>>> print(open('upload-v2.tsv').read())   # TSV, C-alpha atoms
chain	number	residue	atom	x	y	z
J	1	MET	CA	2.78	-87.80	14.01
J	2	ASP	CA	3.90	-84.48	12.63
J	3	GLN	CA	6.91	-86.13	11.00
J	4	LEU	CA	4.59	-88.71	9.32
J	5	LEU	CA	2.39	-85.97	7.91
J	6	LEU	CA	5.43	-84.13	6.62
J	7	PHE	CA	6.48	-87.33	4.82
J	8	LEU	CA	3.03	-88.14	3.37
J	9	ILE	CA	2.30	-84.67	1.99
J	10	PRO	CA	4.97	-84.82	-0.79
J	11	ALA	CA	4.78	-88.61	-1.17
J	12	VAL	CA	1.07	-88.87	-2.08
J	13	PRO	CA	1.26	-86.60	-5.19
J	14	ALA	CA	4.41	-88.41	-6.28
J	15	VAL	CA	2.67	-91.79	-6.04
J	16	VAL	CA	-0.37	-90.52	-7.94
J	17	ILE	CA	1.82	-89.14	-10.73
J	18	PHE	CA	3.75	-92.43	-10.90
J	19	VAL	CA	0.53	-94.49	-11.16
J	20	ILE	CA	-0.82	-92.25	-13.93
J	21	PHE	CA	2.44	-92.52	-15.85
J	22	VAL	CA	2.48	-96.32	-15.56
J	23	ARG	CA	-1.15	-96.53	-16.66
J	24	MET	CA	-0.47	-94.45	-19.74
J	25	SER	CA	2.55	-96.58	-20.62
J	26	LEU	CA	0.68	-99.88	-20.47
J	27	PRO	CA	-1.02	-101.09	-23.71
J	28	SER	CA	-4.78	-100.83	-23.92
J	29	GLY	CA	-7.08	-103.77	-23.59
J	30	SER	CA	-7.74	-104.09	-27.35
J	31	ALA	CA	-4.80	-105.30	-29.42
J	32	VAL	CA	-3.53	-102.75	-31.92
J	33	THR	CA	-1.97	-104.07	-35.09
J	34	ILE	CA	1.09	-102.56	-36.73
J	35	GLU	CA	-1.00	-101.40	-39.70
J	36	GLU	CA	-3.38	-99.52	-37.39
J	37	ARG	CA	-0.50	-97.86	-35.58
J	38	LEU	CA	1.15	-96.89	-38.83
J	39	SER	CA	-2.13	-95.55	-40.20
J	40	GLN	CA	-2.08	-92.96	-37.41
J	41	PHE	CA	1.03	-91.41	-38.95
J	42	ALA	CA	0.54	-92.05	-42.67
J	43	GLU	CA	-2.36	-93.04	-44.87
J	44	ARG	CA	-2.22	-96.43	-46.53
J	45	PRO	CA	-1.33	-96.04	-50.21
J	46	ALA	CA	-4.17	-96.98	-52.53
J	47	SER	CA	-3.73	-100.00	-54.74
J	48	LEU	CA	-3.68	-99.82	-58.53
J	49	GLU	CA	-7.20	-101.22	-58.70
J	50	GLU	CA	-8.52	-98.59	-56.28
J	51	LEU	CA	-6.78	-95.81	-58.22
J	52	GLU	CA	-8.29	-97.08	-61.46
J	53	LEU	CA	-11.78	-97.27	-59.96
J	54	GLN	CA	-11.47	-93.68	-58.72
J	55	GLN	CA	-11.24	-92.42	-62.29
J	56	PRO	CA	-14.48	-91.47	-64.08
J	57	PHE	CA	-16.19	-93.92	-66.42
J	58	TYR	CA	-15.17	-91.89	-69.47
J	59	ASP	CA	-11.45	-92.15	-68.66
J	60	ARG	CA	-11.65	-95.86	-67.74
J	61	VAL	CA	-13.80	-97.24	-70.55
J	62	ILE	CA	-14.82	-94.82	-73.28
J	63	LYS	CA	-11.51	-93.01	-73.80
J	64	PRO	CA	-9.41	-96.21	-74.19
J	65	MET	CA	-11.94	-97.60	-76.68
J	66	VAL	CA	-11.94	-94.39	-78.71
J	67	SER	CA	-8.13	-94.20	-78.61
J	68	GLY	CA	-7.82	-97.80	-79.78
J	69	MET	CA	-10.26	-97.23	-82.61
J	70	ALA	CA	-8.47	-94.03	-83.58
J	71	ARG	CA	-5.09	-95.78	-83.60
J	72	MET	CA	-6.52	-98.47	-85.83
J	73	LEU	CA	-7.87	-95.83	-88.21
J	74	GLY	CA	-4.60	-93.93	-87.96
J	75	ARG	CA	-2.77	-96.85	-89.53
J	76	LEU	CA	-5.04	-96.49	-92.56
J	77	THR	CA	-4.63	-92.71	-92.70
J	78	PRO	CA	-1.62	-91.31	-94.59
J	79	ALA	CA	1.14	-89.91	-92.42
J	80	GLN	CA	0.86	-86.57	-94.20
J	81	GLY	CA	-2.81	-86.27	-93.24
J	82	MET	CA	-2.07	-87.08	-89.58
J	83	GLU	CA	0.74	-84.52	-89.49
J	84	LYS	CA	-1.55	-81.87	-90.96
J	85	LEU	CA	-4.20	-82.69	-88.37
J	86	ARG	CA	-1.63	-82.46	-85.57
J	87	GLN	CA	-0.55	-79.03	-86.81
J	88	GLN	CA	-4.17	-77.84	-86.95
J	89	LEU	CA	-4.74	-78.99	-83.37
J	90	VAL	CA	-1.64	-77.10	-82.26
J	91	ILE	CA	-2.79	-73.92	-84.04
J	92	ALA	CA	-6.22	-74.28	-82.39
J	93	GLY	CA	-4.52	-74.38	-78.98
J	94	ASN	CA	-5.06	-78.10	-78.34
J	95	PRO	CA	-8.73	-77.77	-77.29
J	96	TYR	CA	-9.63	-80.17	-74.49
J	97	ASN	CA	-6.06	-81.55	-74.72
J	98	MET	CA	-7.03	-83.62	-77.73
J	99	GLY	CA	-4.45	-85.39	-79.83
J	100	THR	CA	-4.78	-86.73	-83.33
J	101	ALA	CA	-6.09	-90.05	-82.02
J	102	GLU	CA	-8.80	-88.47	-79.87
J	103	PHE	CA	-9.91	-86.13	-82.65
J	104	THR	CA	-10.10	-88.96	-85.19
J	105	GLY	CA	-12.07	-91.01	-82.69
J	106	ALA	CA	-14.45	-88.08	-82.14
J	107	ARG	CA	-15.07	-87.88	-85.90
J	108	VAL	CA	-15.81	-91.60	-86.07
J	109	MET	CA	-18.12	-91.44	-83.04
J	110	ALA	CA	-20.01	-88.46	-84.47
J	111	MET	CA	-20.41	-90.29	-87.78
J	112	ALA	CA	-21.63	-93.46	-86.05
J	113	ILE	CA	-24.05	-91.63	-83.74
J	114	LEU	CA	-25.66	-89.43	-86.39
J	115	GLY	CA	-25.76	-92.26	-88.91
J	116	GLY	CA	-27.23	-94.69	-86.37
J	117	VAL	CA	-29.86	-92.26	-85.11
J	118	THR	CA	-30.90	-91.43	-88.68
J	119	PHE	CA	-31.05	-95.10	-89.63
J	120	PHE	CA	-33.30	-96.06	-86.73
J	121	GLY	CA	-35.40	-92.93	-87.24
J	122	THR	CA	-36.06	-93.79	-90.88
J	123	LEU	CA	-36.68	-97.39	-89.86
J	124	ILE	CA	-39.33	-96.33	-87.34
J	125	LEU	CA	-40.93	-93.99	-89.89
J	126	GLN	CA	-40.96	-96.89	-92.39
J	127	ALA	CA	-39.13	-94.98	-95.11
J	128	GLY	CA	-38.16	-96.69	-98.31
J	129	PRO	CA	-34.80	-98.47	-98.66
J	130	MET	CA	-33.40	-95.83	-100.98
J	131	ASN	CA	-34.47	-92.96	-98.72
J	132	MET	CA	-33.12	-94.82	-95.70
J	133	LEU	CA	-29.69	-95.26	-97.29
J	134	LEU	CA	-29.66	-91.70	-98.62
J	135	TYR	CA	-30.55	-90.02	-95.33
J	136	THR	CA	-28.25	-92.27	-93.33
J	137	GLY	CA	-25.32	-91.60	-95.65
J	138	ILE	CA	-25.89	-87.85	-95.61
J	139	MET	CA	-26.08	-87.66	-91.83
J	140	ALA	CA	-23.08	-89.97	-91.37
J	141	LEU	CA	-21.05	-87.76	-93.70
J	142	ALA	CA	-22.23	-84.67	-91.82
J	143	GLY	CA	-21.17	-86.25	-88.52
J	144	TYR	CA	-17.75	-87.05	-89.94
J	145	LEU	CA	-17.24	-83.47	-91.19
J	146	LEU	CA	-18.71	-81.54	-88.25
J	147	PRO	CA	-15.59	-81.90	-86.03
J	148	VAL	CA	-13.48	-80.50	-88.87
J	149	PHE	CA	-15.66	-77.38	-89.11
J	150	TRP	CA	-15.56	-77.06	-85.31
J	151	LEU	CA	-11.75	-77.23	-85.36
J	152	ARG	CA	-11.54	-74.59	-88.08
J	153	SER	CA	-13.81	-72.29	-86.09
J	154	LYS	CA	-11.54	-72.75	-83.07
J	155	ILE	CA	-8.51	-71.82	-85.16
J	156	LYS	CA	-10.19	-68.68	-86.54
J	157	ALA	CA	-11.39	-67.59	-83.10
J	158	ARG	CA	-7.94	-68.03	-81.57
J	159	GLN	CA	-6.19	-66.18	-84.40
J	160	LYS	CA	-8.74	-63.37	-84.16
J	161	VAL	CA	-8.01	-62.91	-80.44
J	162	ILE	CA	-4.26	-62.82	-81.10
J	163	LEU	CA	-4.66	-60.30	-83.92
J	164	LYS	CA	-6.87	-58.09	-81.76
J	165	THR	CA	-4.58	-58.03	-78.72
J	166	LEU	CA	-1.20	-57.94	-80.49
J	167	PRO	CA	-0.99	-54.10	-80.98
J	168	ASP	CA	-1.85	-53.45	-77.32
J	169	ALA	CA	0.68	-56.08	-76.23
J	170	ILE	CA	3.42	-54.47	-78.33
J	171	ASP	CA	2.52	-51.07	-76.82
J	172	LEU	CA	2.94	-52.48	-73.33
J	173	MET	CA	6.23	-54.13	-74.31
J	174	THR	CA	7.46	-50.82	-75.79
J	175	ILE	CA	6.70	-48.94	-72.57
J	176	SER	CA	8.34	-51.67	-70.49
J	177	VAL	CA	11.51	-51.74	-72.60
J	178	GLU	CA	11.78	-47.94	-72.61
J	179	ALA	CA	11.38	-48.04	-68.81
J	180	GLY	CA	14.47	-50.26	-68.53
J	181	LEU	CA	13.20	-53.85	-68.73
J	182	ALA	CA	14.74	-56.42	-71.04
J	183	PHE	CA	12.76	-58.02	-73.84
J	184	ASP	CA	12.12	-61.12	-71.72
J	185	GLY	CA	10.85	-58.97	-68.86
J	186	ALA	CA	8.53	-57.12	-71.23
J	187	MET	CA	7.10	-60.44	-72.43
J	188	GLN	CA	6.62	-61.46	-68.80
J	189	ARG	CA	4.74	-58.21	-68.13
J	190	VAL	CA	2.35	-58.99	-71.00
J	191	ALA	CA	1.89	-62.56	-69.76
J	192	ASP	CA	1.07	-61.31	-66.25
J	193	LYS	CA	-1.37	-58.66	-67.47
J	194	TRP	CA	-3.47	-60.68	-69.93
J	195	ASP	CA	-4.93	-64.14	-69.51
J	196	ASN	CA	-5.78	-64.69	-73.17
J	197	GLU	CA	-4.30	-66.68	-76.04
J	198	LEU	CA	-1.43	-64.26	-76.66
J	199	GLY	CA	-0.62	-64.07	-72.96
J	200	MET	CA	-0.51	-67.86	-72.72
J	201	GLU	CA	1.81	-68.04	-75.73
J	202	PHE	CA	4.15	-65.48	-74.17
J	203	ARG	CA	4.04	-67.39	-70.88
J	204	ARG	CA	4.98	-70.61	-72.63
J	205	ALA	CA	7.79	-68.88	-74.54
J	206	ILE	CA	9.25	-67.50	-71.32
J	207	SER	CA	9.11	-70.93	-69.69
J	208	GLU	CA	10.92	-72.50	-72.64
J	209	MET	CA	13.63	-69.83	-72.55
J	210	ARG	CA	14.16	-70.51	-68.85
J	211	VAL	CA	14.82	-74.21	-69.49
J	212	GLY	CA	17.56	-73.45	-72.01
J	213	LYS	CA	16.05	-72.77	-75.43
J	214	THR	CA	17.31	-69.83	-77.42
J	215	LYS	CA	15.17	-66.79	-78.03
J	216	ARG	CA	15.17	-67.41	-81.79
J	217	GLU	CA	13.90	-70.99	-81.46
J	218	VAL	CA	11.23	-70.03	-78.97
J	219	LEU	CA	9.87	-67.18	-81.09
J	220	HIS	CA	9.85	-69.29	-84.26
J	221	GLU	CA	7.94	-72.06	-82.48
J	222	MET	CA	5.44	-69.50	-81.17
J	223	VAL	CA	4.76	-68.35	-84.73
J	224	GLN	CA	4.28	-71.96	-85.86
J	225	ARG	CA	1.83	-72.61	-83.01
J	226	THR	CA	-0.32	-69.60	-83.93
J	227	ALA	CA	0.05	-69.25	-87.74
J	228	VAL	CA	-0.67	-65.51	-87.49
J	229	ALA	CA	1.03	-63.46	-90.21
J	230	ASP	CA	1.29	-60.26	-88.12
J	231	LEU	CA	2.92	-62.13	-85.26
J	232	GLY	CA	5.36	-63.67	-87.73
J	233	THR	CA	6.31	-60.22	-89.00
J	234	PHE	CA	6.81	-58.98	-85.45
J	235	VAL	CA	9.00	-61.97	-84.53
J	236	ALA	CA	11.08	-61.60	-87.70
J	237	SER	CA	11.77	-57.93	-86.92
J	238	ILE	CA	12.74	-58.74	-83.33
J	239	ILE	CA	15.13	-61.51	-84.40
J	240	GLN	CA	16.70	-59.26	-87.05
J	241	ALA	CA	17.13	-56.43	-84.56
J	242	ASP	CA	18.74	-58.82	-82.09
J	243	GLN	CA	21.20	-60.06	-84.71
J	244	LEU	CA	22.12	-56.60	-86.02
J	245	GLY	CA	22.26	-54.91	-82.63
J	246	VAL	CA	19.45	-52.44	-83.34
J	247	SER	CA	17.60	-50.87	-80.41
J	248	ILE	CA	14.69	-53.13	-79.39
J	249	ALA	CA	12.67	-50.17	-78.11
J	250	LYS	CA	12.85	-48.46	-81.51
J	251	VAL	CA	11.81	-51.65	-83.32
J	252	LEU	CA	8.92	-52.17	-80.91
J	253	ARG	CA	7.73	-48.60	-81.46
J	254	ILE	CA	7.75	-49.05	-85.24
J	255	GLN	CA	6.01	-52.42	-85.02
J	256	SER	CA	3.35	-50.98	-82.73
J	257	GLU	CA	2.52	-48.25	-85.25
J	258	GLN	CA	2.42	-50.72	-88.13
J	259	MET	CA	0.17	-53.13	-86.21
J	260	ARG	CA	-2.28	-50.35	-85.43
J	261	ILE	CA	-2.35	-49.29	-89.08
J	262	LYS	CA	-3.06	-52.88	-90.13
J	263	ARG	CA	-5.82	-53.21	-87.53
J	264	ARG	CA	-7.44	-50.01	-88.79
J	265	GLN	CA	-7.18	-51.24	-92.37
J	266	ARG	CA	-8.87	-54.53	-91.42
J	267	ALA	CA	-11.67	-52.61	-89.72
J	268	GLU	CA	-12.16	-50.46	-92.82
J	269	GLU	CA	-12.20	-53.56	-95.00
J	270	GLN	CA	-14.92	-55.11	-92.86
J	271	ALA	CA	-16.88	-51.84	-93.05
J	272	HIS	CA	-16.69	-51.87	-96.86
J	273	LYS	CA	-17.94	-55.46	-96.93
J	274	ALA	CA	-20.96	-54.64	-94.78
J	275	PRO	CA	-23.20	-53.20	-97.57
J	276	ILE	CA	-22.58	-56.23	-99.77
J	277	LEU	CA	-23.35	-58.62	-96.93
J	278	MET	CA	-26.50	-56.68	-96.08
J	279	MET	CA	-27.84	-57.29	-99.59
J	280	ILE	CA	-28.42	-60.99	-98.82
J	281	PRO	CA	-31.02	-60.51	-96.05
J	282	MET	CA	-32.52	-57.53	-97.90
J	283	VAL	CA	-33.10	-59.47	-101.12
J	284	PHE	CA	-34.36	-62.69	-99.55
J	285	LEU	CA	-36.17	-61.35	-96.48
J	286	ILE	CA	-36.95	-57.62	-96.55
J	287	PHE	CA	-37.85	-57.11	-100.22
J	288	PRO	CA	-40.32	-60.05	-100.43
J	289	SER	CA	-42.08	-58.80	-97.29
J	290	THR	CA	-42.28	-55.29	-98.76
J	291	TYR	CA	-43.70	-56.61	-102.03
J	292	ILE	CA	-46.32	-58.64	-100.17
J	293	VAL	CA	-47.42	-55.62	-98.11
J	294	LEU	CA	-47.55	-53.25	-101.09
J	295	LEU	CA	-48.83	-55.51	-103.85
J	296	GLY	CA	-50.78	-58.01	-101.78
J	297	PRO	CA	-54.07	-56.07	-101.68
J	298	ALA	CA	-53.92	-55.41	-105.43
J	299	VAL	CA	-53.48	-59.08	-106.40
J	300	PRO	CA	-57.15	-60.13	-105.81
J	301	LYS	CA	-58.39	-57.08	-107.79
J	302	VAL	CA	-56.07	-57.89	-110.71
J	303	MET	CA	-57.16	-61.51	-110.69
J	304	ASN	CA	-60.83	-60.54	-110.62
J	305	ALA	CA	-60.32	-58.03	-113.43
J	306	PHE	CA	-58.65	-60.56	-115.67
J	307	GLY	CA	-61.15	-63.20	-114.69
J	308	GLY	CA	-64.08	-60.90	-115.47
J	309	GLY	CA	-62.55	-59.90	-118.82
J	310	GLY	CA	-62.19	-63.55	-119.75
J	311	LEU	CA	-65.79	-64.22	-119.02
>>> encode(input="upload-v2.tsv", output="structure tokens")
Amino acid sequence: MDQLLLFLIPAVPAVVIFVIFVRMSLPSGSAVTIEERLSQFAERPASLEELELQQPFYDRVIKPMVSGMARMLGRLTPAQGMEKLRQQLVIAGNPYNMGTAEFTGARVMAMAILGGVTFFGTLILQAGPMNMLLYTGIMALAGYLLPVFWLRSKIKARQKVILKTLPDAIDLMTISVEAGLAFDGAMQRVADKWDNELGMEFRRAISEMRVGKTKREVLHEMVQRTAVADLGTFVASIIQADQLGVSIAKVLRIQSEQMRIKRRQRAEEQAHKAPILMMIPMVFLIFPSTYIVLLGPAVPKVMNAFGGGGL
């Protein structure tokens, strides 16, 4: 009896473990397909139709229609005009990643929307045919020109930011070069410090130099993308110093002083223009109000005096 107990004590746990292992190895009652088993390890790739339906309605329907319409209009537009528009979009920083086709389509849509709204508005108000055509044409023309004014304002705002931050950026580059960094490292320091238009241009220039472009090509392309005269002068001096073997730190120091002088001169120019610009609201707004307050009470007395003398 004791020998039987000695045999059963280790045998029972071994049998239990064996039964559990066999149970786990057997397939479950419900059949599992290969796709279901594979889905446990990797997600099923979405089909092209599902990927297309996941995109927003604008990207699926409106954007292709606008692009097709813009391409059709682009065939009628001279190549010189399209190239000029492309250059303006580049100088503006490619707002909303628009190309020439998207921008042309936006102009056509703005013209159609404003013209259509004006047409139906004059139709509801029962305006005359001539007034209907006049107002519709004016608003359609305004809709076609509004994107152009918006693009020009984007260009001016971007160039203003670059002009404002360029002297400080050159100061930082001067300190970095004098501390022992190379010119590329100084540009990287500016790109890391500022997240503005100039910083993004420096970041793009550094990326292009890393993929194999020469410094001269990269700097010239940066000037073409910004169309800022002061930046062009700075780039020309850097390229000339690099070719002649002049100290970059000395050139940066001179350019920093010149940029600060130019910025002060622009501020003084704006200050001298202020009195002239202030004359417009003074003549059309402040002076008439002053005349009304001062001469208003005397007008009825003058009219009564002349009226009484006439009687």
>>> atom_distance(input="upload-v2.tsv", atom1="CA of Lys193 in chain J", atom2="CA of Thr174 in chain J")
14.4 Å
>>> closest_atom_pairs(input="upload-v2.tsv", of="range 185-254 of chain J", to="range 93-100 of chain J", cutoff="10 Å", atoms="only C-alpha atoms", output="JSON lines")
{"residue": "J:Glu197", "atom": "CA", "partner": "J:Gly93", "partner_atom": "CA", "distance": 8.2}
{"residue": "J:Met200", "atom": "CA", "partner": "J:Gly93", "partner_atom": "CA", "distance": 9.9}
{"residue": "J:Glu201", "atom": "CA", "partner": "J:Gly93", "partner_atom": "CA", "distance": 9.5}
{"residue": "J:Arg225", "atom": "CA", "partner": "J:Gly93", "partner_atom": "CA", "distance": 7.7}
{"residue": "J:Thr226", "atom": "CA", "partner": "J:Gly93", "partner_atom": "CA", "distance": 8.1}
>>> residues_near_point(input="upload-v2.tsv", point="(2.9, -72.0, -80.1)", cutoff="10 Å", atoms="all atoms listed in the file", output="list in words")
Val90, Ile91, Ala92, Gly93, Glu197, Leu198, Met200, Glu201, Phe202, Arg204, Ala205, Val218, Leu219, His220, Glu221, Met222, Val223, Gln224, Arg225, Thr226 and Ala227 of chain J
>>> residues_around(input="upload-v2.tsv", residues="Asn196 in chain J", least_positions_apart="6", cutoff="9 Å", atoms="only C-alpha atoms", output="PyMOL selection string")
chain J and resi 161-162+165
>>> atom_distance(input="upload-v2.tsv", atom1="CA of Thr136 in chain J", atom2="CA of Phe119 in chain J")
5.4 Å
>>> residues_around(input="upload-v2.tsv", residues="Gln255 in chain J", least_positions_apart="3", cutoff="12 Å", atoms="only C-alpha atoms", output="ChimeraX atom specification")
/J:166-171,173-174,230-238,241,248-252,258-262
>>> residues_around(input="upload-v2.tsv", residues="range 139-142 of chain J", least_positions_apart="2", cutoff="10 Å", atoms="only C-alpha atoms", output="NGL selection string")
:J and (107-119 or 134-137 or 144-147)
>>> atom_distance(input="upload-v2.tsv", atom1="CA of Asp184 in chain J", atom2="CA of Ile206 in chain J")
7.0 Å
